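Each remark here refers to the structure printed beneath this line.
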Amino acid sequence: MKTKYINWLIYAVLMVVVVTWLGWGKPNKIIGMFFVSGLAVGSLYALGGIGLVVLFRATGVLNLANGAAGAAGVMTAWQLGQWGVWAPLTWAACILVALLISLFYGRMIAPLLAWREPVVKAVATLGFALIILGLVSFLWIDDPRSISLPTDKIGIKLLGLRVTATRMIVFLSTIGLVIAIYLFLGQTKIGLNMRSLANDRDLSALIGIPILKVETIAWGLSGLIAGFTGLMFGDLIRLEPTVITFMVIPSIAAAICGRLDNLMVVLVGGLSMGVIESLLTLSPGLKGARPIAPFVIASLVLLWSQRGTQLTFGGRD
Amino acid sequence: MKKLNIMLSATVGFVGVAMAGQAAAAPSCGSNTGEAATGEPIIVGGIHGNAAPGDFSASTDAAAAYFSCVNDNGGINGRPIDYRVENDQWNPELASQAAAKLVDDAGAVALVGNGSFMEMAVNAGTYAKANVMVMASACAISECFESSNIVSTNQGPLPSNLGATQYAQEELGATNVACIGLNIPNNGPWSCQPSIDLMKARGGDGSMALLNPGAPDVNSALLESIANGADTILMNLPAGLAIAVLKAAEEQDLRDSYNWIAPTPLYDLSVPEALGEYWDGKVWVNAELAPFHLNGADAQNWLAVMDSYANPNDPRDTFAQSGYLSARFFTDTMLAMDPAEVGDRAKVTDAIKSIKGLTSDLMCGPYYVGDSDFHMPNHAGYMLQMVGGGFKVVRDCYEFDSAYFEPHIALEKKLGLR
Amino acid sequence: MLPKLFHITPSGAAGLLFAVFAFFVVPTLAGSLWLNVFTSMGCFTLATAGVAFMYARLGMVSLTQVGLMGVGGWVMLRLNHGFALPFEVNMVIAGFATMVLGWVLALPALRLRGLYLALVTLMAAGGLEIILSTFQFPNGGSGFWGVQTGSGAAFRRPALAQSPEAYLRYVVAMVTSGFLFIELHRRLAPGRAWALIRRSEAAAMAAGVNVTFYKAWAFGISGLLAGGAGALLAGSLGLLDGGTFRASESVMLFALAVVGGARFWLGAVIAAALFRVLPALLNNWGVDADLSFVIFGAGLLHAVIAAPNGIAGQIMELFAGLIQKLSNKLGLVASIVIEGSADD
């Protein structure tokens with residue numbers, strides 16, 4: 001318990017040091033602009049990371065095809081929009097497509113690998129991601145596209161930066177999602193089942209937990225998150241299938257901060273990565289390579305978390 | 001660049017109006033005999049890059065259409081052109097393979113219509129060693145304009161940026177330009193610097209915000225430009241990324257606080273639609289070839305060739321015009337040669353290097369090659385304003401003011417073109 | 001022990017025969033284009049050998065092999081333009097520098113279970129893609145990064161291999177020595193440690209094997225081969241571009257190593273052929289190159305679920321079957337062949 005507080009304290013001190021160092025001598029307004037912009041990007045990293053962790057805890061599968069599912073969803077939404085479909089329907093279609101892709105994999109392919117090592121399961125999802133990415137790039141050839149939501153037009157001034165409702169939605173829904181999942185896991189029967197599955201799969205099966213049902217719900221949940229993330233990414237950052245597919249890599253960085261387990265840390269990690277990445281723009285020497293910030297942070301967290309530990313074989317990593 | 005349908009319908013719409021009454025205009029190609037060429041084929045190569053993140057095949061498509069037309073009209077003194085096109089897929093290995101295949105294995109006498117971000121950097125040495133000329137059409141990197149055996153019909157980003165910056169400084173009151181470019185040394189920094197120098201020379205200031213091609217966050221680049229104190233944002237980017245920058249700006253409602261200018265890539269009839277009404281009348285774009293609606297004789301012939309010989313969904317854009325022009329200049333040069341020498345690479349190279357003073361209503365100045373280590377015949381352009389879902393010319397053909405062009409102007413004087 | 005060290009298995013014999021064929025015959029038959037294609041394929045075979053060996057022998061998944069090739073290529077170009085050392089010296093330095101960097105990148109995961117190594121290497125691939133596309137490859141400019149705009153400076157190929165034919169031979173020789181290098185390790189102490197770790201990490205530890213050390217050793221060999229492969233690729237083109245070393249390429253190379261058959265030398269050759277030749281062929285046939293993603297992805301799923309030995313495994317089985325039939329007819333015993341081919 002004590003180390004936990006020490007870790008949080010170290011984190012807070014480090015964040016302050018980094019933000020002060022990067023922002024030294026710059027007007028507050030500029031720092032504020034980069035900070036707010038970084039929070040939005042960080043929210044997307046965190047959202048992606050949460051989608052990964054929720055599924056991994058319940059099923060033992062780290063689904064690297066999440067980004068691809070989101071890309072397929074948001075491209076569908078764009079296409080429907082081009083055909084003049086009512087906008088809210090296109091958003092629903094985006095989330096539905098990602099949900100169906102996720103459920104398809106979860107019900108049809110994942111069971112074939114149920115008893116393999118976690119790394120093999122993760123590698124298989126990479127194959128699935130390549131298939132989706134190939135099909136999506138084949139269907140929608142490279143072209144400048146954009147998708148916008150009505151919330152892009154609404155905004156408030158915050159720290160000198162106009163923050164659109166879309167960014168607020170992303171930020172607040174990321175936090176809301178963490179709280180909702182926390183309550184869901186703690187207060188509902190299915191949540192209890194999920195925790196038990198995360199704890200010990202074999203024992204859970206023995207005591208009669210409906211594994212198939214719980215897993216299906218987890219796949220569905222991660223599909224919903226993937227669809228939402230894809231839609232927001234397409235709106236806020238760039239509507240391009242390859243970029244959205246490989247968005248899963250910084251999401252992994254956020255997930256690793258929480259050791260693929262702790263959603264709270266995934267959230268804080270993702271947000272910090274976004275902010276630091278954004279603030280690095282202020283450093284003349286480092287700004288070119290700023291997108292590697294999430295990877296460096298995740299690696300440092302991983303090294304810090306295993307200091308002094310011995311390689312043992314008690315747990316299930 | 002494959003803005004297929006939107007692009008096509010828009011362009012054809014324009015032409016439909018402009019060419020009413022002469023709808024069945026027959027294309028004019030080569031020696032225009034109306035007889036198919038049957039002699040021994042002359043091999044000509046072309047390399048384009050088509051893969052994520054961009055499709056540069058428009059120029060070779062148009063060149064292929066023109067060569068088909070030439071072959072139906074007597075070819076080169078009765079000898080048809082065997083035009084072979086390779087795709088480098090934005091991959092340096094494939095680019096080198098494509099050149100090996102065309103130049104070494106097939107023995108092409110020249111390469112025409114090349115369009116790529118990659119190919120010229122990898123192959124410039126190969127071309128010089130093999131003494132083969134490349135009449136490229138869609139160039140974006142320094143090697144394309146600063147090597148001995150490549151000459152391009154299009155301008156590339158450097159002059160186009162300069163044109164946009166110069167216009168903004170003279171007409172829009174720009175004093176500090178931030179150039180948002182790709183962090184590729186022979187593209188972004190290379191093409192941004194002269195515009196910044198121009199601003200400094202005229203008492204203003206400028207800065208660069210470089211975007212990592214793999215990094216998706218255009219918002220940071222935009223914020224960086226603002227943090228640098230810019231009043232004018234120059235989007236030196238492919239159309240998709242430039243649209244992303246403008247969207248990020250729209251989100252923060254920055255439209256009226258800055259001037260928004262861009263080089264040629266944003267001149268694409270699908271862009272106004274992608275940007276929406278918010279940006280109407282607020283974006284200025286430099287065009288390196290004649291805008292579509294001017295519709296001179298060569299522009300009409302280009303469309304006639306495309307309609308008769310190209311795939312209906314091949315794009316009709318600036319790069320297609322450029323591909324057509326390279327193919328036409330090449331054909332004219334071949335027709336002027338001694339018929340016995342057109343299959344001889346060394347002689348063809350000499351003939352191309354001595355091209356001077358070819359003209360077209362698609363280009364502002366004359367086209368020439370010359371025997372030098374740099375080539376940039378096209379360095380004047382038009383300035384357009386994006387308005388009413390299309391583009392309108394706000395400044396006709398004008399030359400750009402930069403020390404970069406001093407050697408080019410000296411060469412033009414030597415060739416008697418000034 | 002020594003006779004065992006130099007014992008040649010039937011699969012190994014086939015591999016050596018193939019190398020001899022590739023060395024003597026292929027360069028004389030291929031045109032300029034195919035010389036180019038085979039040279040590039042050779043470089044990727046060497047890199048695939050590293051990643052396949054780690055997966056097959058230790059179950060370690062590295063998703064950053066192509067990124068590490070980029071590092072090797074970068075060091076090679078940097079040395080080539082910065083100093084007047086011969087190609088071979090540069091290549092060795094490039095290989096070892098990549099090995100060390102590979103260790104640094106994998107450090108956070110080497111003490112953890114397999115999944116973390118896959119994730120950390122995927123992040124490393126993402127990071128290397130950004131670094132290489134941001135700072136570019138040296139082309140004769142000044143300063144540490146050595147990048148200049150305009151045309152790059154000339155590249156010095158090895159003295160032994162100035163022509164494209166000779167360079168292909170050079171690459172074939174290097175790839176063959178890479179395979180022999182791995183095989184040598186497998187037959188000495190590290191090989192025994194790896195075999196034990198593959199069975200059970202706990203058992204290996206109990207038996208006194210330093211698990212982390214031997215895993216790092218394997219990762220180092222893989223990095224060394226990737227660095228050498230990158231250096232050879234740089235030599236073939238004279239320059240490199242960040243586009244070759246994207247994270248997606250690393251993922252694809254791993255996928256193909258599994259599809260080709262990670263346990264066999266033939267698997268690495270097949271993987272490199274698919275990686276370099278299939279997209280070009282699809283392109284020639286007028287099929288969208290994006291569909292190669294679909295084929296590779298489906299191949300990976302299939303291989304992971306149903307065909308752990310990949311295409312090479314099936315070919316080897318086929319051959320073993322043929323030889324068995326043949327030898328039955330001749331009245332010979334072919335069990336050695338089958339046993340050998342199933343394990344190499």
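By order of appearance in the structure tokens: chains A, B, ..., then residues from 1 within every chain, and ligands from 1 in the order shown.
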Give as a ChimeraX atom specification every residue of chain B that touches chain C within 8 Å, counting only C-alpha atoms. /B:51,87,90-93,96-98,100-101,104-105,121-122,124,142-143,146-147,183-186,190,212-215
Go ahead and save the residues from that selection, with N, CA and C atoms, as a short mmCIF file (atom, residue, chain, number, x, y, z; two decimals), in the first residue's frame.
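Output file part_16.cif follows:
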```
data_model
loop_
_atom_site.label_atom_id
_atom_site.label_comp_id
_atom_site.auth_asym_id
_atom_site.auth_seq_id
_atom_site.Cartn_x
_atom_site.Cartn_y
_atom_site.Cartn_z
N ALA B 51 0.80 3.80 -53.58
CA ALA B 51 0.60 3.01 -52.36
C ALA B 51 0.25 4.04 -51.30
N ASN B 87 5.46 0.62 -60.97
CA ASN B 87 5.00 1.27 -59.74
C ASN B 87 6.07 1.07 -58.66
N TRP B 90 6.16 3.56 -53.32
CA TRP B 90 6.79 4.38 -52.26
C TRP B 90 7.89 3.59 -51.55
N ASN B 91 8.48 2.66 -52.25
CA ASN B 91 9.45 1.78 -51.61
C ASN B 91 10.77 1.89 -52.38
N PRO B 92 11.86 2.30 -51.70
CA PRO B 92 13.11 2.53 -52.43
C PRO B 92 13.62 1.29 -53.16
N GLU B 93 13.42 0.11 -52.54
CA GLU B 93 13.89 -1.09 -53.24
C GLU B 93 13.14 -1.29 -54.55
N SER B 96 14.26 1.10 -57.16
CA SER B 96 15.50 0.73 -57.83
C SER B 96 15.28 -0.44 -58.77
N GLN B 97 14.37 -1.34 -58.37
CA GLN B 97 14.05 -2.47 -59.26
C GLN B 97 13.38 -1.99 -60.54
N ALA B 98 12.48 -1.02 -60.37
CA ALA B 98 11.76 -0.51 -61.55
C ALA B 98 12.74 0.09 -62.54
N ALA B 100 15.95 -0.60 -62.78
CA ALA B 100 16.77 -1.68 -63.34
C ALA B 100 16.02 -2.34 -64.49
N LYS B 101 14.74 -2.58 -64.28
CA LYS B 101 13.94 -3.27 -65.29
C LYS B 101 13.81 -2.44 -66.57
N ASP B 104 17.96 -0.96 -67.60
CA ASP B 104 18.97 -1.97 -67.91
C ASP B 104 18.39 -3.13 -68.72
N ASP B 105 17.25 -3.69 -68.28
CA ASP B 105 16.74 -4.89 -68.94
C ASP B 105 16.00 -4.56 -70.24
N ALA B 121 15.07 10.06 -55.91
CA ALA B 121 16.19 10.07 -54.96
C ALA B 121 17.01 8.81 -55.12
N VAL B 122 16.33 7.67 -55.32
CA VAL B 122 17.04 6.40 -55.42
C VAL B 122 17.77 6.29 -56.75
N ALA B 124 18.49 8.71 -59.27
CA ALA B 124 19.16 9.81 -59.98
C ALA B 124 20.54 9.38 -60.47
N SER B 142 13.86 17.22 -53.87
CA SER B 142 14.93 18.02 -54.43
C SER B 142 15.67 17.33 -55.57
N GLU B 143 15.90 16.00 -55.44
CA GLU B 143 16.68 15.29 -56.46
C GLU B 143 16.08 15.46 -57.85
N GLU B 146 17.38 18.87 -58.96
CA GLU B 146 18.79 19.21 -58.77
C GLU B 146 19.68 18.06 -59.20
N SER B 147 19.34 17.37 -60.27
CA SER B 147 20.26 16.37 -60.80
C SER B 147 20.30 16.45 -62.32
N ASN B 183 8.42 16.31 -42.48
CA ASN B 183 9.80 16.21 -42.02
C ASN B 183 10.58 15.22 -42.87
N ILE B 184 10.68 15.51 -44.16
CA ILE B 184 11.49 14.72 -45.08
C ILE B 184 12.48 15.73 -45.66
N PRO B 185 13.80 15.56 -45.37
CA PRO B 185 14.75 16.63 -45.69
C PRO B 185 14.66 17.11 -47.14
N ASN B 186 14.53 16.17 -48.09
CA ASN B 186 14.52 16.62 -49.47
C ASN B 186 13.13 17.05 -49.93
N TRP B 190 13.57 21.47 -47.41
CA TRP B 190 14.10 21.97 -48.67
C TRP B 190 13.13 22.97 -49.31
N ASN B 212 5.77 14.97 -38.66
CA ASN B 212 6.29 13.64 -38.92
C ASN B 212 5.30 12.88 -39.81
N PRO B 213 5.77 12.32 -40.93
CA PRO B 213 4.81 11.64 -41.83
C PRO B 213 4.04 10.54 -41.10
N GLY B 214 4.67 9.92 -40.09
CA GLY B 214 3.97 8.86 -39.38
C GLY B 214 3.13 9.37 -38.23
N ALA B 215 3.33 10.64 -37.83
CA ALA B 215 2.61 11.14 -36.66
C ALA B 215 1.31 11.78 -37.07
#
```
Quick one: which chain A residues come within 7 Å of chain C, and what is the nearest atom pair for each with the distance in Å to one decimal, counting only C-alpha atoms, rows ordered by chain and ascending number, as CSV?
```
residue,atom,partner,partner_atom,distance
A:Leu112,CA,C:Ile305,CA,6.8
A:Leu113,CA,C:Ile305,CA,6.6
A:Pro118,CA,C:Leu115,CA,6.1
A:Val119,CA,C:Leu115,CA,4.4
A:Ala124,CA,C:Leu301,CA,5.4
A:Gly127,CA,C:Gly297,CA,4.0
A:Phe128,CA,C:Gly297,CA,5.9
A:Leu130,CA,C:Gly297,CA,4.9
A:Ile131,CA,C:Val294,CA,4.0
A:Gly134,CA,C:Phe293,CA,4.8
A:Leu135,CA,C:Val294,CA,6.6
A:Ser137,CA,C:Asp290,CA,6.3
A:Phe138,CA,C:Asp290,CA,5.7
A:Ile249,CA,C:Met123,CA,6.0
A:Gly288,CA,C:Thr134,CA,6.1
A:Ala289,CA,C:Ile131,CA,6.1
A:Ile292,CA,C:Gly127,CA,5.2
A:Phe295,CA,C:Met123,CA,5.9
A:Ser299,CA,C:Pro108,CA,6.0
A:Leu302,CA,C:Pro108,CA,5.9
A:Leu303,CA,C:Pro108,CA,5.2
A:Leu311,CA,C:Arg111,CA,6.3
A:Phe313,CA,C:Ala202,CA,6.5
A:Asp317,CA,C:Arg113,CA,6.0
```
Please, which residues of chain A lie no more than 9 Å from chain B when the count uses only C-alpha atoms, and can they be set out as a PyMOL selection string? chain A and resi 30+33-34+37-38+41+137+141-148+152-155+161-164+236-239+242-244+278-279+281-282+287-291
Write out as an NGL selection string the residues lying within 10 Å of segment 376-379 of chain B, counting only C-alpha atoms and excluding same-chain residues fewer than 4 positions away. :B and (144-146 or 150-156 or 158-160 or 162-163 or 288-289 or 356-357 or 363-370 or 397-400 or 405 or 408-409 or 412)
Distance in Å - atom CA of Asp371 of chain B versus atom CA of Asp338 of chain B: 20.3 Å
Can you list every residue in segment 244-292 of chain B that DSSP puts in strand (DSSP E or B), as a PyMOL selection string? chain B and resi 259-262+283-287
Compile the contact shell of segment 48-58 of chain C as a PyMOL selection string: residues with an atom at most 8 Å away, counting only C-alpha atoms, same-chain residues fewer than 6 positions apart removed. chain C and resi 65+178-179+182+194-195+197-198+215+218-219+221-223+225-226+253-254+257-258+261-263+265+268+271-272
Any chance you could list, as number ranges by chain, the residues in segment 13-141 of chain C that come up helix (DSSP H, G or I) when DSSP is run on the backbone? C: 13-24, 26-29, 32-58, 65-82, 87-110, 114-135
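Atom pair atom CA of Ser28 of chain B / atom CA of Thr331 of chain B has a distance of 12.1 Å (rounded to one decimal).
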Using only C-alpha atoms, determine which residues lie at most 7 Å from Arg157 of chain C, disregarding the query and same-chain residues fewer than 5 positions distant; provide the list as a VMD selection string. chain C and resid 87 162 235
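Distance-wise, atom CA of Arg156 of chain C and atom CA of Gly73 of chain C end up 13.6 Å apart.
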Need to verify the contact set: Thr216 of chain A, 10 Å, only C-alpha atoms, exclusion of same-chain residues closer than 5 positions in sequence. Can you return it as a PyMOL selection string? chain A and resi 55+58-59+102-104+106-107+211+221-222
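Minimum atom-to-atom distances from B:Leu362, B:Met337, B:Ala58, B:Ala174 to Asn77 of chain B were compared using only C-alpha atoms, and the lowest value belongs to B:Met337.
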When you look at Thr333 of chain B with a cut-off of 7 Å (counting only C-alpha atoms), what residues show up, excluding the ones that are within fewer than 3 positions of it in the same chain? I need them as a ChimeraX atom specification. /B:329-330,336-337,351-352
Please dump the current selection as a PDB file, in the first residue's frame; keep C-alpha atoms.
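In the end it all went to again.pdb:
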```
ATOM      1  CA  PHE B 329       7.183  17.531 -75.522  1.00  0.00           C
ATOM      2  CA  PHE B 330       8.945  14.173 -75.743  1.00  0.00           C
ATOM      3  CA  ALA B 336      12.276  16.400 -84.927  1.00  0.00           C
ATOM      4  CA  MET B 337      15.155  13.890 -84.748  1.00  0.00           C
ATOM      5  CA  ALA B 351      18.062  15.638 -78.261  1.00  0.00           C
ATOM      6  CA  ILE B 352      16.194  16.002 -74.950  1.00  0.00           C
TER       7      ILE B 352
END
```
